[in-house]
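Colleague: Encoded as structure tokens, here's the structure I'll be asking about.
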Amino acid sequence: VSETFLLLSQELTARNIKNYEIVIVNDGCPTFYEHLYTNPLYSNNLRVIENKKYFGKGAAVKYGLNFLSKDIICVIDSDQSVSITDTLNTCLSYKSGHLLYGVRVFDSEKNDKFRRMLGLILIFLANFLSLKHFVQDTQCPLKVFDNQIKEILKKHITINGGMYDVQIFRITEILGIPKIPKRVYFSEPGISILKLSKIILKDFFDLIRIRIYTRI
């Protein structure tokens, strides 16, 4: 997390982008970020918020949306599976009024084939069970949208787990908000752990819940 923050800050500084804020959502991980505040070049653009009540990626994203005020919002994982360069280029290409989402381009020699196949199955199930309009990649950890869309999402995201991004697509689908794919290179995070029981049970039923219970 710390490394990702510093790399983002350095790249933003190199591009002479000053009006930004990086919000880190800490959902109970015993990590301390005090050392990040010691550098005056970056400390004014950092906020760390604690989310100890609700667990899961979707819960962290929904909680974090309450603390964002910039015109353009970018949601990413902290594992750098999508490069800093691709992340910032995606943000700079954004035009308000639509949802911009990453479509992963895999390096076949560096990515686990089983994980890739499982990801394709999840994308198929998400489109088949939850969505009416096809989405190229529901699992890429990169979403960019404007402040108006943020206000809608924070009111209607109800999925706490990893399928929260499918619900984002469902919400924008219901409202007719255009979705635009953006190709980004993807590297599997080495510390990521597959929990098949969670994927087979919780994620599957979350996809059904998204289609039936998402209401605007």
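A note on labels: chains of the structure tokens are A, B, ... as shown, every chain counts residues from 1, and ligands are counted from 1 in their shown order.
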Looking only at the backbone, which of the residues in range 67-180 of chain A does DSSP tag as strand (DSSP E), as number ranges by chain?

Modeller: A: 72-76, 99-106, 142-146, 179-180

Colleague: Please produce a file of those selected residues containing N, CA and C atoms, as an mmCIF file, in the first residue's frame.

Modeller:
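Result file again.cif:
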```
data_model
loop_
_atom_site.group_PDB
_atom_site.id
_atom_site.type_symbol
_atom_site.label_atom_id
_atom_site.label_comp_id
_atom_site.auth_asym_id
_atom_site.auth_seq_id
_atom_site.Cartn_x
_atom_site.Cartn_y
_atom_site.Cartn_z
ATOM 1 N N ILE A 72 -13.164 13.769 -10.466
ATOM 2 C CA ILE A 72 -12.931 12.461 -11.067
ATOM 3 C C ILE A 72 -12.494 11.496 -9.974
ATOM 4 N N ILE A 73 -13.149 10.332 -9.916
ATOM 5 C CA ILE A 73 -12.871 9.324 -8.910
ATOM 6 C C ILE A 73 -12.264 8.103 -9.595
ATOM 7 N N CYS A 74 -11.170 7.599 -9.038
ATOM 8 C CA CYS A 74 -10.532 6.382 -9.556
ATOM 9 C C CYS A 74 -10.443 5.370 -8.423
ATOM 10 N N VAL A 75 -10.972 4.168 -8.643
ATOM 11 C CA VAL A 75 -10.917 3.093 -7.660
ATOM 12 C C VAL A 75 -9.947 2.030 -8.162
ATOM 13 N N ILE A 76 -8.935 1.701 -7.345
ATOM 14 C CA ILE A 76 -7.960 0.674 -7.722
ATOM 15 C C ILE A 76 -7.649 -0.195 -6.506
ATOM 16 N N LEU A 99 -19.027 5.651 -17.130
ATOM 17 C CA LEU A 99 -18.167 4.791 -16.320
ATOM 18 C C LEU A 99 -17.084 4.209 -17.215
ATOM 19 N N LEU A 100 -15.840 4.472 -16.857
ATOM 20 C CA LEU A 100 -14.709 3.926 -17.600
ATOM 21 C C LEU A 100 -14.146 2.758 -16.792
ATOM 22 N N TYR A 101 -14.018 1.591 -17.425
ATOM 23 C CA TYR A 101 -13.552 0.417 -16.688
ATOM 24 C C TYR A 101 -12.425 -0.282 -17.435
ATOM 25 N N GLY A 102 -11.531 -0.880 -16.665
ATOM 26 C CA GLY A 102 -10.382 -1.555 -17.244
ATOM 27 C C GLY A 102 -10.735 -2.912 -17.819
ATOM 28 N N VAL A 103 -10.108 -3.232 -18.937
ATOM 29 C CA VAL A 103 -10.178 -4.570 -19.539
ATOM 30 C C VAL A 103 -8.760 -5.127 -19.536
ATOM 31 N N ARG A 104 -8.548 -6.213 -18.821
ATOM 32 C CA ARG A 104 -7.202 -6.725 -18.588
ATOM 33 C C ARG A 104 -6.609 -7.378 -19.833
ATOM 34 N N VAL A 105 -5.373 -7.008 -20.112
ATOM 35 C CA VAL A 105 -4.572 -7.668 -21.137
ATOM 36 C C VAL A 105 -3.512 -8.472 -20.392
ATOM 37 N N PHE A 106 -3.571 -9.804 -20.504
ATOM 38 C CA PHE A 106 -2.713 -10.675 -19.715
ATOM 39 C C PHE A 106 -1.425 -10.999 -20.466
ATOM 40 N N LEU A 142 -10.018 -1.627 -11.758
ATOM 41 C CA LEU A 142 -9.836 -0.232 -12.168
ATOM 42 C C LEU A 142 -11.154 0.305 -12.682
ATOM 43 N N LYS A 143 -11.699 1.282 -11.959
ATOM 44 C CA LYS A 143 -12.934 1.940 -12.352
ATOM 45 C C LYS A 143 -12.730 3.442 -12.211
ATOM 46 N N VAL A 144 -13.208 4.211 -13.182
ATOM 47 C CA VAL A 144 -13.106 5.666 -13.135
ATOM 48 C C VAL A 144 -14.484 6.251 -13.453
ATOM 49 N N PHE A 145 -14.924 7.223 -12.637
ATOM 50 C CA PHE A 145 -16.229 7.843 -12.847
ATOM 51 C C PHE A 145 -16.215 9.230 -12.229
ATOM 52 N N ASP A 146 -17.254 10.002 -12.496
ATOM 53 C CA ASP A 146 -17.279 11.377 -11.982
ATOM 54 C C ASP A 146 -18.004 11.451 -10.643
ATOM 55 N N LYS A 179 -20.958 2.872 -20.486
ATOM 56 C CA LYS A 179 -19.755 2.205 -19.984
ATOM 57 C C LYS A 179 -18.740 2.111 -21.118
ATOM 58 N N ILE A 180 -17.528 2.539 -20.857
ATOM 59 C CA ILE A 180 -16.486 2.544 -21.883
ATOM 60 C C ILE A 180 -15.303 1.709 -21.398
#
```

Colleague: Could you list, as a count of residues only, every residue within 9 Å of Lys154 in chain A, counting only C-alpha atoms and ignoring same-chain residues fewer than 2 positions away?

Modeller: 13

Colleague: List every residue of range 106-201 of chain A that DSSP, applied to the backbone, labels as helix (DSSP H, G or I), and write the result as a ChimeraX atom specification.

Modeller: /A:113-130,147-156,164-175,196-201

Colleague: A:Glu50, A:Asp203, A:Asp137, A:Glu188: which is nearest Leu120 in chain A, counting only C-alpha atoms?

Modeller: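 Checking each candidate against Leu120 in chain A, we get A:Asp137 as the closest.
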
Colleague: Using only C-alpha atoms, which of the listed residues (A:Asn44, A:Thr214, A:Ser96, A:Gln139) sits closest to Pro178 in chain A?

Modeller: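 That would be A:Ser96, the residue with the smallest distance to Pro178 in chain A.
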
Colleague: Can you work out which one of A:Asn160, A:Met117, A:His98, A:Thr85 has the shortest atom-to-atom distance to Tyr54 in chain A, counting only C-alpha atoms?

Modeller: A:Asn160

Colleague: Using only C-alpha atoms, which residues sit within 10 Å of Phe124 in chain A once same-chain residues fewer than 3 positions away are excluded, as a ChimeraX atom specification?

Modeller: /A:118-121,127-130,134-138

Colleague: Pick from A:Ala14, A:His133, A:Arg116, A:Pro141: nearest to Thr172 in chain A, with only C-alpha atoms counted?

Modeller: A:His133

Colleague: I'd like the contact shell of Ile210 in chain A - 9 Å cut-off, only C-alpha atoms, skipping same-chain residues fewer than 3 positions apart - returned as a tab-separated table (two decimals) with all heavy atoms, in the first residue's frame.

Modeller:
```
chain	number	residue	atom	x	y	z
A	129	LEU	N	-25.88	-13.95	-15.36
A	129	LEU	CA	-26.78	-13.91	-14.22
A	129	LEU	C	-27.20	-12.51	-13.80
A	129	LEU	O	-28.31	-12.32	-13.29
A	129	LEU	CB	-26.13	-14.61	-13.02
A	129	LEU	CG	-25.84	-16.11	-13.15
A	129	LEU	CD1	-25.04	-16.59	-11.94
A	129	LEU	CD2	-27.14	-16.90	-13.28
A	130	SER	N	-26.32	-11.53	-13.97
A	130	SER	CA	-26.54	-10.22	-13.34
A	130	SER	C	-26.82	-9.09	-14.30
A	130	SER	O	-27.44	-8.10	-13.90
A	130	SER	CB	-25.32	-9.85	-12.47
A	130	SER	OG	-25.04	-10.86	-11.53
A	131	LEU	N	-26.33	-9.17	-15.53
A	131	LEU	CA	-26.36	-8.02	-16.42
A	131	LEU	C	-27.17	-8.32	-17.68
A	131	LEU	O	-27.25	-9.45	-18.14
A	131	LEU	CB	-24.93	-7.63	-16.81
A	131	LEU	CG	-23.98	-7.35	-15.64
A	131	LEU	CD1	-22.55	-7.18	-16.15
A	131	LEU	CD2	-24.43	-6.11	-14.87
A	158	THR	N	-24.75	-2.48	-2.39
A	158	THR	CA	-25.14	-3.30	-1.23
A	158	THR	C	-24.29	-4.56	-1.09
A	158	THR	O	-24.39	-5.25	-0.08
A	158	THR	CB	-26.62	-3.71	-1.33
A	158	THR	OG1	-26.82	-4.45	-2.56
A	158	THR	CG2	-27.54	-2.50	-1.34
A	159	ILE	N	-23.48	-4.86	-2.09
A	159	ILE	CA	-22.65	-6.06	-2.07
A	159	ILE	C	-21.33	-5.74	-1.39
A	159	ILE	O	-20.58	-4.87	-1.85
A	159	ILE	CB	-22.40	-6.58	-3.49
A	159	ILE	CG1	-23.73	-6.95	-4.17
A	159	ILE	CG2	-21.46	-7.78	-3.48
A	159	ILE	CD1	-24.49	-8.06	-3.49
A	163	MET	N	-17.89	-9.13	-5.68
A	163	MET	CA	-18.77	-8.91	-6.83
A	163	MET	C	-19.39	-7.51	-6.83
A	163	MET	O	-20.30	-7.23	-7.59
A	163	MET	CB	-19.88	-9.97	-6.85
A	163	MET	CG	-19.39	-11.39	-7.04
A	163	MET	SD	-18.55	-11.70	-8.62
A	163	MET	CE	-16.82	-11.67	-8.12
A	164	TYR	N	-18.88	-6.65	-5.96
A	164	TYR	CA	-19.43	-5.29	-5.89
A	164	TYR	C	-19.31	-4.57	-7.23
A	164	TYR	O	-20.17	-3.75	-7.58
A	164	TYR	CB	-18.69	-4.48	-4.82
A	164	TYR	CG	-17.39	-3.90	-5.29
A	164	TYR	CD1	-17.31	-2.60	-5.78
A	164	TYR	CD2	-16.23	-4.67	-5.33
A	164	TYR	CE1	-16.12	-2.08	-6.25
A	164	TYR	CE2	-15.04	-4.15	-5.80
A	164	TYR	CZ	-14.98	-2.87	-6.25
A	164	TYR	OH	-13.80	-2.36	-6.74
A	166	VAL	N	-19.58	-5.82	-10.17
A	166	VAL	CA	-20.69	-6.25	-11.03
A	166	VAL	C	-21.94	-5.44	-10.71
A	166	VAL	O	-22.69	-5.05	-11.60
A	166	VAL	CB	-20.95	-7.76	-10.87
A	166	VAL	CG1	-22.13	-8.20	-11.76
A	166	VAL	CG2	-19.71	-8.57	-11.22
A	167	GLN	N	-22.15	-5.17	-9.42
A	167	GLN	CA	-23.29	-4.33	-9.05
A	167	GLN	C	-23.13	-2.91	-9.55
A	167	GLN	O	-24.11	-2.26	-9.92
A	167	GLN	CB	-23.48	-4.34	-7.53
A	167	GLN	CG	-24.80	-3.67	-7.12
A	167	GLN	CD	-25.10	-3.82	-5.66
A	167	GLN	OE1	-24.22	-3.72	-4.81
A	167	GLN	NE2	-26.37	-4.06	-5.34
A	170	ARG	N	-24.35	-3.04	-12.94
A	170	ARG	CA	-25.81	-3.18	-12.94
A	170	ARG	C	-26.49	-1.84	-12.66
A	170	ARG	O	-27.48	-1.48	-13.31
A	170	ARG	CB	-26.22	-4.22	-11.90
A	170	ARG	CG	-27.73	-4.43	-11.77
A	170	ARG	CD	-28.35	-4.96	-13.05
A	170	ARG	NE	-29.78	-5.21	-12.87
A	170	ARG	CZ	-30.66	-5.19	-13.85
A	170	ARG	NH1	-30.28	-4.93	-15.09
A	170	ARG	NH2	-31.93	-5.43	-13.62
A	205	PHE	N	-23.98	-16.53	-5.29
A	205	PHE	CA	-25.27	-16.03	-4.81
A	205	PHE	C	-25.32	-14.50	-4.84
A	205	PHE	O	-26.40	-13.92	-5.02
A	205	PHE	CB	-25.56	-16.57	-3.42
A	205	PHE	CG	-25.93	-18.03	-3.42
A	205	PHE	CD1	-25.05	-18.98	-2.94
A	205	PHE	CD2	-27.15	-18.45	-3.92
A	205	PHE	CE1	-25.38	-20.33	-2.96
A	205	PHE	CE2	-27.49	-19.79	-3.96
A	205	PHE	CZ	-26.60	-20.74	-3.47
A	206	ASP	N	-24.18	-13.85	-4.67
A	206	ASP	CA	-24.15	-12.40	-4.80
A	206	ASP	C	-24.54	-11.97	-6.21
A	206	ASP	O	-25.22	-10.95	-6.40
A	206	ASP	CB	-22.77	-11.86	-4.45
A	206	ASP	CG	-22.58	-11.67	-2.95
A	206	ASP	OD1	-23.59	-11.77	-2.21
A	206	ASP	OD2	-21.44	-11.43	-2.51
A	207	LEU	N	-24.10	-12.72	-7.21
A	207	LEU	CA	-24.46	-12.40	-8.60
A	207	LEU	C	-25.97	-12.49	-8.81
A	207	LEU	O	-26.56	-11.67	-9.52
A	207	LEU	CB	-23.73	-13.34	-9.56
A	207	LEU	CG	-22.22	-13.14	-9.68
A	207	LEU	CD1	-21.60	-14.21	-10.58
A	207	LEU	CD2	-21.88	-11.76	-10.22
A	213	TYR	N	-32.19	-7.92	-6.71
A	213	TYR	CA	-32.45	-6.94	-5.66
A	213	TYR	C	-31.87	-5.55	-5.90
A	213	TYR	O	-32.15	-4.64	-5.11
A	213	TYR	CB	-31.93	-7.48	-4.32
A	213	TYR	CG	-32.64	-8.73	-3.86
A	213	TYR	CD1	-31.98	-9.94	-3.85
A	213	TYR	CD2	-33.97	-8.68	-3.47
A	213	TYR	CE1	-32.62	-11.10	-3.43
A	213	TYR	CE2	-34.63	-9.83	-3.06
A	213	TYR	CZ	-33.96	-11.04	-3.04
A	213	TYR	OH	-34.60	-12.19	-2.65
A	214	THR	N	-31.08	-5.35	-6.94
A	214	THR	CA	-30.56	-4.01	-7.19
A	214	THR	C	-31.69	-3.11	-7.67
A	214	THR	O	-32.28	-3.34	-8.71
A	214	THR	CB	-29.43	-4.03	-8.23
A	214	THR	OG1	-28.37	-4.87	-7.77
A	214	THR	CG2	-28.88	-2.62	-8.47
```
